[in-house]
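*Asks:* This is run.cif (mmCIF, C-alpha atoms).
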data_final
loop_
_atom_site.label_atom_id
_atom_site.label_comp_id
_atom_site.auth_asym_id
_atom_site.auth_seq_id
_atom_site.Cartn_x
_atom_site.Cartn_y
_atom_site.Cartn_z
CA MET A 773 61.02 -38.63 59.40
CA ASN A 774 58.29 -36.61 61.14
CA ILE A 775 59.64 -33.44 59.54
CA ILE A 776 59.23 -34.93 56.05
CA VAL A 777 55.68 -36.00 56.95
CA ILE A 778 54.85 -32.48 58.15
CA ILE A 779 56.35 -30.91 55.01
CA PHE A 780 54.24 -33.17 52.79
CA LEU A 781 51.10 -32.47 54.82
CA VAL A 782 51.59 -28.69 54.66
CA LEU A 783 52.31 -28.87 50.91
CA GLY A 784 49.13 -30.88 50.41
CA LEU A 785 47.12 -28.41 52.46
CA ILE A 786 48.52 -25.52 50.36
CA PHE A 787 47.30 -27.30 47.22
CA PHE A 788 43.89 -27.94 48.80
CA THR A 789 43.59 -24.30 49.86
CA GLY A 790 44.55 -23.16 46.36
CA GLY A 791 41.90 -25.45 44.93
CA SER A 792 39.20 -24.14 47.26
CA VAL A 793 40.09 -20.49 46.56
CA GLY A 794 40.18 -21.24 42.83
CA ILE A 795 36.67 -22.73 42.84
CA ILE A 796 35.33 -19.50 44.35
CA ARG A 797 37.48 -17.00 42.42
CA PHE A 798 37.48 -18.30 38.84
CA PRO A 799 34.92 -16.70 36.52
CA ASP A 800 33.02 -19.58 34.88
CA PHE A 801 32.13 -23.25 34.93
CA TYR A 802 35.04 -24.63 32.91
CA SER A 803 37.79 -22.64 34.58
CA ARG A 804 36.38 -23.57 37.99
CA LEU A 805 36.74 -27.24 37.13
CA HIS A 806 40.42 -26.65 36.54
CA PRO A 807 41.39 -26.05 40.21
CA ALA A 808 38.77 -28.53 41.38
CA GLY A 809 40.25 -31.30 39.26
CA LYS A 810 43.95 -30.66 39.31
CA LEU A 811 44.77 -29.17 42.70
CA ASP A 812 42.64 -31.65 44.64
CA THR A 813 44.39 -34.56 42.98
CA THR A 814 47.84 -33.18 43.81
CA GLY A 815 46.77 -32.24 47.31
CA LEU A 816 45.51 -35.75 47.85
CA LEU A 817 48.78 -37.20 46.57
CA MET A 818 50.76 -35.09 49.06
CA THR A 819 48.56 -35.80 52.09
CA MET A 820 48.27 -39.51 51.34
CA LEU A 821 52.04 -39.71 50.84
CA ALA A 822 52.43 -38.13 54.26
CA ALA A 823 49.99 -40.63 55.78
CA ALA A 824 51.76 -43.56 54.10
CA LEU A 825 55.17 -42.37 55.31
CA TYR A 826 53.79 -41.96 58.81
CA THR A 827 52.41 -45.53 58.87
CA ILE A 828 55.58 -47.21 57.62
CA GLN A 829 57.69 -45.58 60.31
CA ASP A 830 57.65 -48.73 62.42
CA PHE A 831 58.85 -51.01 59.67
CA SER A 832 56.86 -54.26 59.50
CA THR A 833 54.81 -56.22 56.98
CA GLU A 834 51.53 -54.92 58.35
CA SER A 835 52.47 -51.25 58.23
CA LEU A 836 53.95 -51.72 54.76
CA LEU A 837 50.64 -53.22 53.64
CA THR A 838 48.70 -50.31 55.13
CA GLY A 839 50.98 -47.85 53.37
CA LEU A 840 50.45 -49.70 50.11
CA LYS A 841 46.67 -49.51 50.56
CA ILE A 842 46.91 -45.77 51.19
CA MET A 843 48.90 -45.34 47.98
CA LEU A 844 46.23 -47.43 46.22
CA ILE A 845 43.71 -44.70 47.09
CA VAL A 846 45.93 -42.22 45.24
CA VAL A 847 46.07 -44.52 42.21
CA PHE A 848 42.28 -44.77 42.04
CA VAL A 849 41.79 -41.02 42.49
CA PHE A 850 44.38 -40.40 39.76
CA ILE A 851 42.30 -42.52 37.42
CA THR A 852 38.79 -41.46 38.39
CA GLY A 853 39.33 -37.75 39.13
CA PRO A 854 40.38 -36.66 35.61
CA THR A 855 37.69 -38.91 34.11
CA ALA A 856 35.04 -37.21 36.24
CA THR A 857 36.30 -33.76 35.25
CA HIS A 858 36.31 -34.84 31.61
CA ALA A 859 32.72 -36.09 31.88
CA ILE A 860 31.56 -32.86 33.54
CA VAL A 861 33.19 -30.70 30.85
CA ASP A 862 31.65 -32.94 28.20
CA ALA A 863 28.21 -32.50 29.78
CA GLY A 864 28.73 -28.72 29.88
CA ILE A 865 29.59 -28.60 26.16
CA ARG A 866 26.64 -30.83 25.36
CA ALA A 867 24.29 -28.58 27.31
CA GLY A 868 25.53 -25.67 25.21
CA LEU A 869 27.45 -23.65 27.77
CA ARG A 870 30.02 -21.39 26.10
CA PRO A 871 33.41 -20.79 27.73
CA TRP A 872 33.87 -17.39 29.33
CA THR A 873 36.02 -14.84 27.49
CA LYS A 874 37.10 -11.32 28.36
CA LYS A 875 35.41 -9.89 25.31
CA GLU A 876 31.99 -11.01 26.48
CA LYS A 877 32.48 -9.32 29.79
CA ALA A 878 33.18 -5.99 28.12
CA ASP A 879 29.86 -6.04 26.26
CA MET B 865 -9.91 -27.48 56.28
CA LYS B 866 -6.45 -25.95 56.12
CA TRP B 867 -6.82 -24.69 59.68
CA PHE B 868 -8.02 -28.05 60.88
CA GLY B 869 -4.88 -29.67 59.45
CA PHE B 870 -2.68 -27.04 61.00
CA ILE B 871 -4.25 -27.50 64.44
CA ALA B 872 -3.96 -31.30 64.16
CA VAL B 873 -0.28 -31.08 63.23
CA PHE B 874 0.35 -28.59 66.02
CA LEU B 875 -1.36 -30.78 68.62
CA CYS B 876 0.46 -33.96 67.52
CA GLY B 877 3.78 -32.11 67.43
CA SER B 878 3.37 -30.69 70.90
CA LEU B 879 2.36 -34.13 72.15
CA PHE B 880 5.61 -35.56 70.75
CA ILE B 881 7.65 -32.76 72.31
CA TYR B 882 5.87 -33.32 75.63
CA GLY B 883 6.77 -37.00 75.34
CA THR B 884 10.48 -36.27 74.95
CA VAL B 885 10.51 -34.57 78.37
CA GLU B 886 10.13 -37.97 79.98
CA PHE B 887 13.14 -39.42 78.13
CA PRO B 888 16.29 -40.20 80.11
CA GLY B 889 19.20 -37.83 79.50
CA TRP B 890 21.78 -38.60 76.81
CA GLY B 891 24.19 -41.24 78.04
CA ASP B 892 22.51 -41.44 81.44
CA PRO B 893 24.15 -44.43 83.18
CA LEU B 894 21.00 -45.04 85.25
CA SER B 895 18.58 -45.19 82.31
CA PRO B 896 16.89 -48.57 81.70
CA THR B 897 18.78 -49.23 78.45
CA SER B 898 22.17 -48.69 80.06
CA THR B 899 21.40 -50.82 83.11
CA HIS B 900 19.82 -53.94 81.57
CA VAL B 901 20.54 -54.58 77.91
CA SER B 902 23.73 -52.76 76.97
CA PRO B 903 26.02 -54.26 79.65
CA TYR B 904 24.85 -57.75 78.66
CA TYR B 905 25.72 -57.14 75.01
CA ILE B 906 29.06 -55.56 75.82
CA GLU B 907 30.13 -58.33 78.19
CA LYS B 908 28.63 -61.43 76.59
CA THR B 909 28.82 -60.85 72.81
CA MET B 910 32.25 -62.40 72.44
CA GLU B 911 31.45 -65.60 74.34
CA ASP B 912 27.94 -65.92 72.88
CA THR B 913 28.69 -65.40 69.20
CA SER B 914 32.49 -65.02 68.83
CA VAL B 915 31.91 -61.83 66.83
CA PRO B 916 34.23 -58.95 67.79
CA ASN B 917 31.98 -56.28 66.29
CA ILE B 918 29.18 -55.84 68.85
CA VAL B 919 27.06 -53.73 66.49
CA THR B 920 26.91 -56.53 63.93
CA ALA B 921 26.11 -59.10 66.59
CA VAL B 922 23.23 -57.00 67.96
CA LEU B 923 21.97 -56.17 64.47
CA ALA B 924 21.96 -59.63 62.95
CA ASP B 925 21.78 -61.96 65.93
CA TYR B 926 20.21 -60.55 69.11
CA ARG B 927 17.89 -58.23 67.18
CA GLY B 928 17.79 -60.33 64.01
CA TYR B 929 14.01 -60.16 63.85
CA ASP B 930 14.11 -56.35 63.46
CA THR B 931 16.75 -56.57 60.75
CA MET B 932 14.69 -59.12 58.84
CA PHE B 933 11.87 -56.61 58.61
CA GLU B 934 14.33 -53.85 57.67
CA THR B 935 15.27 -56.04 54.72
CA ALA B 936 11.57 -56.51 54.02
CA VAL B 937 11.17 -52.72 54.06
CA ILE B 938 13.95 -52.36 51.47
CA PHE B 939 12.25 -55.08 49.43
CA SER B 940 8.87 -53.34 49.59
CA ALA B 941 10.52 -50.04 48.63
CA GLY B 942 11.77 -51.70 45.45
CA ILE B 943 8.34 -53.25 44.78
CA ALA B 944 6.59 -49.92 45.42
CA CYS B 945 8.91 -48.11 43.01
CA LEU B 946 8.21 -50.80 40.43
CA PHE B 947 4.44 -50.40 40.84
CA LEU B 948 4.57 -46.61 40.73
CA LEU B 949 6.92 -46.08 37.82
CA ARG B 950 7.02 -49.14 35.60
CA GLN B 951 5.05 -48.74 32.39
CA MET B 952 4.01 -52.18 31.31
CA LYS B 953 2.33 -51.08 28.09
CA ARG B 954 5.09 -50.96 25.52
CA LYS B 955 4.72 -47.63 23.76
CA LYS B 956 6.97 -46.92 20.83
CA THR B 957 9.03 -43.79 21.00
CA ASP B 958 8.64 -41.09 18.36
CA PHE B 959 12.04 -41.62 16.84
CA ARG B 960 15.11 -43.71 17.35
CA LEU B 961 18.73 -42.87 16.78
CA TYR B 962 21.27 -45.29 15.36
CA ARG B 963 24.96 -44.75 14.89
CA HIS B 964 27.15 -46.34 12.28
CA THR B 965 30.07 -47.48 14.36
CA ALA B 966 32.75 -47.16 11.70
CA THR B 967 31.97 -43.67 10.43
CA GLY B 968 30.14 -42.16 13.39
CA ILE B 969 27.23 -41.01 11.25
CA THR B 970 23.95 -40.90 13.18
CA PHE B 971 20.66 -41.97 11.64
CA ARG B 972 17.32 -40.75 12.85
CA ILE B 973 14.54 -43.22 12.18
CA GLU B 974 11.07 -41.70 12.44
CA LYS B 975 8.05 -43.54 13.81
CA GLY B 976 7.04 -46.32 11.46
CA GLY B 977 10.27 -46.08 9.55
CA LYS B 978 12.28 -49.12 8.66
CA LEU B 979 14.88 -49.91 11.25
CA PRO B 980 18.36 -50.93 10.20
CA PRO B 981 19.09 -54.61 10.64
CA THR B 982 20.49 -55.40 14.05
CA ALA B 983 23.90 -55.95 12.58
CA LYS B 984 27.15 -55.03 14.21
CA GLU B 985 27.63 -51.93 12.06
CA PHE B 986 24.80 -50.07 13.79
CA GLU B 987 24.35 -49.35 17.46
CA ARG B 988 21.31 -47.83 19.07
CA ILE B 989 21.95 -44.53 20.89
CA ASP B 990 19.82 -42.47 23.23
CA GLY B 991 17.82 -39.53 21.99
CA LEU B 992 18.76 -37.05 24.67
CA TRP B 993 22.11 -38.13 25.89
CA THR B 994 24.50 -39.59 23.37
CA PRO B 995 27.82 -40.19 25.03
CA TYR B 996 30.33 -41.76 22.73
CA ASP B 997 33.13 -41.65 25.15
CA LEU B 998 35.95 -44.13 25.13
CA ILE B 999 37.60 -42.54 28.17
CA ILE B 1000 34.59 -42.89 30.43
CA LYS B 1001 33.80 -46.39 29.20
CA THR B 1002 37.34 -47.59 29.75
CA THR B 1003 37.59 -46.05 33.19
CA GLY B 1004 34.24 -47.59 34.08
CA ARG B 1005 35.37 -51.00 32.95
CA PHE B 1006 38.60 -50.64 34.88
CA ILE B 1007 37.13 -49.39 38.13
CA ILE B 1008 33.99 -51.56 38.42
CA PRO B 1009 35.77 -54.83 39.39
CA PHE B 1010 37.59 -53.04 42.20
CA ILE B 1011 34.33 -51.57 43.47
CA GLN B 1012 32.73 -55.00 43.44
CA ILE B 1013 35.62 -56.63 45.25
CA PHE B 1014 35.48 -53.88 47.86
CA ALA B 1015 31.72 -54.43 48.21
CA LEU B 1016 32.21 -58.17 48.80
CA TYR B 1017 34.91 -57.32 51.33
CA VAL B 1018 32.53 -55.00 53.19
CA ILE B 1019 29.78 -57.66 53.22
CA ALA B 1020 32.08 -60.45 54.37
CA HIS B 1021 33.92 -58.40 57.00
CA GLY B 1022 30.82 -57.19 58.83
CA HIS B 1023 31.95 -59.29 61.80
CA HIS B 1024 35.29 -57.65 62.30
CA SER B 1025 35.06 -54.10 61.00
CA PRO B 1026 32.39 -51.54 60.24
CA GLY B 1027 30.26 -52.74 57.37
CA GLY B 1028 27.79 -55.48 56.69
CA GLY B 1029 25.05 -56.37 54.29
CA PHE B 1030 23.39 -52.99 53.91
CA GLN B 1031 26.55 -51.00 53.24
CA GLY B 1032 28.15 -53.64 51.04
CA GLY B 1033 24.92 -54.08 49.12
CA VAL B 1034 24.76 -50.37 48.37
CA ILE B 1035 28.36 -50.38 47.11
CA LEU B 1036 27.66 -53.42 44.96
CA GLY B 1037 24.55 -51.75 43.57
CA ALA B 1038 26.57 -48.59 42.89
CA SER B 1039 28.92 -50.59 40.67
CA PHE B 1040 26.00 -51.63 38.46
CA VAL B 1041 24.71 -48.06 38.41
CA LEU B 1042 28.19 -46.90 37.36
CA PHE B 1043 28.14 -49.42 34.54
CA ALA B 1044 24.75 -48.11 33.39
CA ILE B 1045 26.02 -44.51 33.52
CA SER B 1046 29.33 -45.12 31.78
CA HIS B 1047 27.77 -47.26 29.04
CA ASP B 1048 24.03 -46.97 28.56
CA LEU B 1049 20.88 -48.41 30.01
CA ARG B 1050 20.41 -51.09 27.36
CA SER B 1051 23.86 -52.60 27.76
CA ALA B 1052 23.32 -52.57 31.53
CA LEU B 1053 20.00 -54.37 31.00
CA ASN B 1054 21.81 -56.94 28.88
CA ARG B 1055 24.13 -57.73 31.77
CA MET B 1056 21.59 -57.40 34.58
CA SER B 1057 18.08 -57.76 33.27
CA GLU B 1058 14.96 -56.70 35.07
CA LYS B 1059 13.93 -60.29 35.70
CA LEU B 1060 17.31 -61.14 37.18
CA THR B 1061 17.09 -58.10 39.47
CA ALA B 1062 13.61 -59.11 40.63
CA PHE B 1063 14.91 -62.63 41.27
CA PHE B 1064 17.81 -61.29 43.32
CA TYR B 1065 15.85 -59.05 45.63
CA THR B 1066 13.39 -61.79 46.30
CA LEU B 1067 16.26 -64.22 46.87
CA GLY B 1068 17.88 -61.89 49.43
CA VAL B 1069 14.80 -61.72 51.63
CA TYR B 1070 14.24 -65.44 51.11
CA ILE B 1071 17.76 -66.28 52.34
CA TYR B 1072 17.19 -64.23 55.49
CA ALA B 1073 13.74 -65.59 56.31
CA GLY B 1074 14.76 -69.08 55.16
CA THR B 1075 17.67 -69.13 57.61
CA GLY B 1076 15.21 -68.27 60.37
CA ALA B 1077 12.79 -70.96 59.28
CA LEU B 1078 15.61 -73.49 59.07
CA CYS B 1079 16.39 -72.77 62.71
CA ILE B 1080 12.77 -73.61 63.58
CA LEU B 1081 13.00 -76.86 61.62
CA LEU B 1082 16.13 -77.79 63.60
CA GLY B 1083 14.24 -77.32 66.86
CA ALA B 1084 15.25 -73.85 68.04
CA ASN B 1085 13.65 -70.41 68.03
CA PHE B 1086 13.25 -68.36 64.87
CA LEU B 1087 16.68 -66.94 63.86
CA ASP B 1088 18.49 -68.73 66.69
CA TYR B 1089 21.57 -69.59 64.65
CA SER B 1090 23.09 -71.93 67.23
CA ALA B 1091 20.72 -74.59 65.89
CA LEU B 1092 22.64 -74.49 62.60
CA ALA B 1093 25.60 -76.15 64.34
CA THR B 1094 24.43 -79.61 63.27
CA ILE B 1095 24.32 -78.62 59.60
CA LEU B 1096 27.51 -76.58 59.48
CA PHE B 1097 29.50 -79.10 61.59
CA VAL B 1098 30.78 -76.48 64.05
CA ASP B 1099 30.11 -75.70 67.69
CA PRO B 1100 27.03 -73.57 68.49
CA VAL B 1101 29.04 -70.37 69.16
CA THR B 1102 30.77 -70.47 65.78
CA ALA B 1103 27.45 -71.41 64.20
CA ARG B 1104 26.00 -68.10 65.41
CA SER B 1105 28.91 -66.29 63.78
CA HIS B 1106 28.35 -68.18 60.51
CA GLY B 1107 24.60 -67.57 60.74
CA ILE B 1108 25.25 -63.83 60.88
CA LEU B 1109 27.37 -64.12 57.73
CA ILE B 1110 24.65 -66.01 55.85
CA VAL B 1111 22.08 -63.41 56.82
CA GLU B 1112 24.40 -60.56 55.83
CA ILE B 1113 24.85 -62.10 52.40
CA GLY B 1114 21.06 -62.23 52.02
CA VAL B 1115 20.77 -58.58 53.03
CA GLY B 1116 23.56 -57.62 50.63
CA ILE B 1117 21.90 -59.35 47.66
CA ALA B 1118 18.52 -57.75 48.43
CA VAL B 1119 19.92 -54.24 48.86
CA MET B 1120 22.04 -54.51 45.70
CA ALA B 1121 19.10 -55.60 43.56
CA VAL B 1122 16.79 -52.94 44.98
CA MET B 1123 19.37 -50.21 44.28
CA VAL B 1124 19.65 -51.41 40.68
CA ILE B 1125 15.88 -51.60 40.12
CA LEU B 1126 15.39 -48.14 41.64
CA TYR B 1127 18.00 -46.73 39.29
CA TYR B 1128 16.53 -48.44 36.22
CA ASN B 1129 13.03 -47.21 36.99
CA LEU B 1130 13.95 -43.65 37.88
CA VAL B 1131 16.36 -43.04 35.01
CA SER B 1132 14.12 -44.33 32.23
CA ALA B 1133 10.81 -43.14 33.73
CA GLY B 1134 9.69 -46.76 33.91
CA LYS B 1135 10.08 -47.41 30.19
CA PHE B 1136 13.33 -49.39 30.33
CA ASP B 1137 14.14 -48.21 26.85
CA GLU B 1138 16.16 -45.02 26.87
CA GLY B 1139 17.87 -43.52 29.83
CA LEU B 1140 21.06 -41.96 31.02
#
Starting from the coordinates I provided, produce the structure as structure tokens.

*Replies:*
Amino acid sequence: MNIIVIIFLVLGLIFFTGGSVGIIRFPDFYSRLHPAGKLDTTGLLMTMLAAALYTIQDFSTESLLTGLKIMLIVVFVFITGPTATHAIVDAGIRAGLRPWTKKEKAD
Amino acid sequence: MKWFGFIAVFLCGSLFIYGTVEFPGWGDPLSPTSTHVSPYYIEKTMEDTSVPNIVTAVLADYRGYDTMFETAVIFSAGIACLFLLRQMKRKKTDFRLYRHTATGITFRIEKGGKLPPTAKEFERIDGLWTPYDLIIKTTGRFIIPFIQIFALYVIAHGHHSPGGGFQGGVILGASFVLFAISHDLRSALNRMSEKLTAFFYTLGVYIYAGTGALCILLGANFLDYSALATILFVDPVTARSHGILIVEIGVGIAVMAVMVILYYNLVSAGKFDEGL
């Protein structure tokens, strides 16, 4: 059981690292939101899954409830995270920021 | 004059730094606080108030007088913001925007122009920020009840876990702010008007101070909740626990209302007409 927990944790950390690198490396506002939105959500799913699995190791009603609450965090982040990214992109379009293209860089 | 200010600041600052030399070291077991007050709280909180969370017991019971004035400070912050920002003179904006809900066509009504009848076909939209976003509205509607339930949980569980009136009140206020962001300021004002907000933050402080005054009426010291035992039909120890809860609810209401009024004032520059 611990091995599965460790695998999930490491997977989640890989996603988080990818997200952090992506925020720094991507060229403009919109493409930076892409790793920030997607990879963090997946990374959170993996790490929270690991935490939930770790808590329900000693099987009882209390630990099951705690695991359920941890998975509830994932549910809320799955709903709010994409909405926040959507709102930020919307605000960027409204403010008149154009997406980055390769052609512009050549000029 | 500049130099005079600089010298005054320098002198005061060095006086403060000189004062810190006399302080006891961090976590010094022989310092006055660690020898007199802290051991009493740590050992006696459970038998005095039956509250497992010592921080809450100290905050709302032993040092309840301080916390009452903290609530009063929050209250006066809300009042001060109201006095500084609120524009009482109703000044008409240069133009207003209306949207036809069925077609999505936006009308711009100039100053003095005839406004469309307040029928259901037209909805007023903001001049600067015109979000027509079903996704954000729906998510807001879905998530706000959970935030509010969590806020009530934090307020009510101040005895047993970290939390209490201040934290829960901020979360509760944040849910109203989220509603105002995801919809618009006018629909938020329809749900939670300015008058209702003013009533709530007065009510919060009133509950706190009123509990203290009630204790005096029942023949005990100000904010000595054990006197409430006769009203609540419990023993004095449990009455102190319940008294803390009542006070926390007052703090929560006050903090929530102040958060909302601060948001309303800041976002609309005191006009309460258009805002984020």

*Asks:* For segment 841-857 of chain A, please output as a PyMOL selection string all residues within 8 Å (counting only C-alpha atoms; exclusion window: fewer than 4 positions along the same chain).

*Replies:* (chain A and resi 805+809-810+813+816-817+820-821+823-824+837+861) or (chain B and resi 999-1000+1003+1007)

*Asks:* Expanded to explicit residues, what is the PyMOL selection byres ((chain B and resi 1112-1123) around 6) for this file, as a list of chain:residue names?

*Replies:*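 Against this file, the PyMOL selection byres ((chain B and resi 1112-1123) around 6) returns the residues B:Gly942, B:Gly1029, B:Phe1030, B:Gly1033, B:Val1034, B:Leu1036, B:Gly1037, B:Thr1061, B:Phe1064, B:Tyr1065, B:Gly1068, B:Ile1071, B:Tyr1072, B:Leu1109, B:Ile1110, B:Val1111, B:Val1124, B:Ile1125, B:Leu1126.
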
*Asks:* So how many Å separate atom CA of Arg1055 of chain B and atom CA of Phe959 of chain B, to one decimal?

*Replies:*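 Between atom CA of Arg1055 of chain B and atom CA of Phe959 of chain B the gap is 25.1 Å.
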
*Asks:* As an exercise, work out the distance from atom CA of Ser914 of chain B to atom CA of Ala936 of chain B in Å and give it to one decimal place.

*Replies:*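 Atom-to-atom, atom CA of Ser914 of chain B and atom CA of Ala936 of chain B are spaced 27.0 Å apart.
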
*Asks:* Excluding segment 782-792 of chain A and residues on its chain fewer than 4 positions from it, collect all residues at most 7 Å away from it, counting only C-alpha atoms, and give them as number ranges by chain.

*Replies:* A: 778, 796, 807-808, 811-812, 814-816, 818-819

*Asks:* Tell me, in Å to one decimal, how far atom CA of Glu934 of chain B is from atom CA of Asn1129 of chain B.

*Replies:* 21.8 Å

*Asks:* Can you pull out the residues contacting segment 1083-1091 of chain B? Cut-off 6 Å, using all atoms listed in the file, and skip same-chain residues under 6 positions away; I want them as a count of residues only.

*Replies:* 5

*Asks:* I'd like to know which of B:Leu1016, B:Phe1040, B:Gly1027, B:Ser1046 is closest to Gly1004 of chain B, using all atoms listed in the file.

*Replies:* B:Ser1046

*Asks:* Of the candidates A:Ile775, A:Lys874, A:Leu840, A:Arg866, which shows the shortest atom-to-atom distance to chain B, using all atoms listed in the file?

*Replies:*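 That would be A:Arg866, the residue with the smallest distance to chain B.
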
*Asks:* Could you state which residues are captured by the PyMOL selection byres ((chain B and resi 973) around 6) in this file, as a list of chain:residue names?

*Replies:* B:Phe959, B:Arg960, B:Arg972, B:Glu974, B:Gly977

*Asks:* Kindly resolve the PyMOL selection byres ((chain A and resi 826) around 10) on the present coordinates and return the residues as a PDB file with C-alpha atoms, keeping the file's coordinate frame.

*Replies:*
ATOM      1  CA  MET A 773      61.020 -38.630  59.400  1.00  0.00           C
ATOM      2  CA  ASN A 774      58.290 -36.610  61.140  1.00  0.00           C
ATOM      3  CA  ILE A 776      59.230 -34.930  56.050  1.00  0.00           C
ATOM      4  CA  VAL A 777      55.680 -36.000  56.950  1.00  0.00           C
ATOM      5  CA  ILE A 778      54.850 -32.480  58.150  1.00  0.00           C
ATOM      6  CA  MET A 820      48.270 -39.510  51.340  1.00  0.00           C
ATOM      7  CA  LEU A 821      52.040 -39.710  50.840  1.00  0.00           C
ATOM      8  CA  ALA A 822      52.430 -38.130  54.260  1.00  0.00           C
ATOM      9  CA  ALA A 823      49.990 -40.630  55.780  1.00  0.00           C
ATOM     10  CA  ALA A 824      51.760 -43.560  54.100  1.00  0.00           C
ATOM     11  CA  LEU A 825      55.170 -42.370  55.310  1.00  0.00           C
ATOM     12  CA  THR A 827      52.410 -45.530  58.870  1.00  0.00           C
ATOM     13  CA  ILE A 828      55.580 -47.210  57.620  1.00  0.00           C
ATOM     14  CA  GLN A 829      57.690 -45.580  60.310  1.00  0.00           C
ATOM     15  CA  ASP A 830      57.650 -48.730  62.420  1.00  0.00           C
ATOM     16  CA  SER A 835      52.470 -51.250  58.230  1.00  0.00           C
ATOM     17  CA  GLY A 839      50.980 -47.850  53.370  1.00  0.00           C
TER      18      GLY A 839
END

*Asks:* For a quick check of understanding, using all atoms listed in the file, which of A:His858, A:Leu781, A:Gly794, A:Ser832 has the smallest distance to chain B?

*Replies:*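 When distances to chain B are compared using all atoms listed in the file, the smallest one comes from A:His858.
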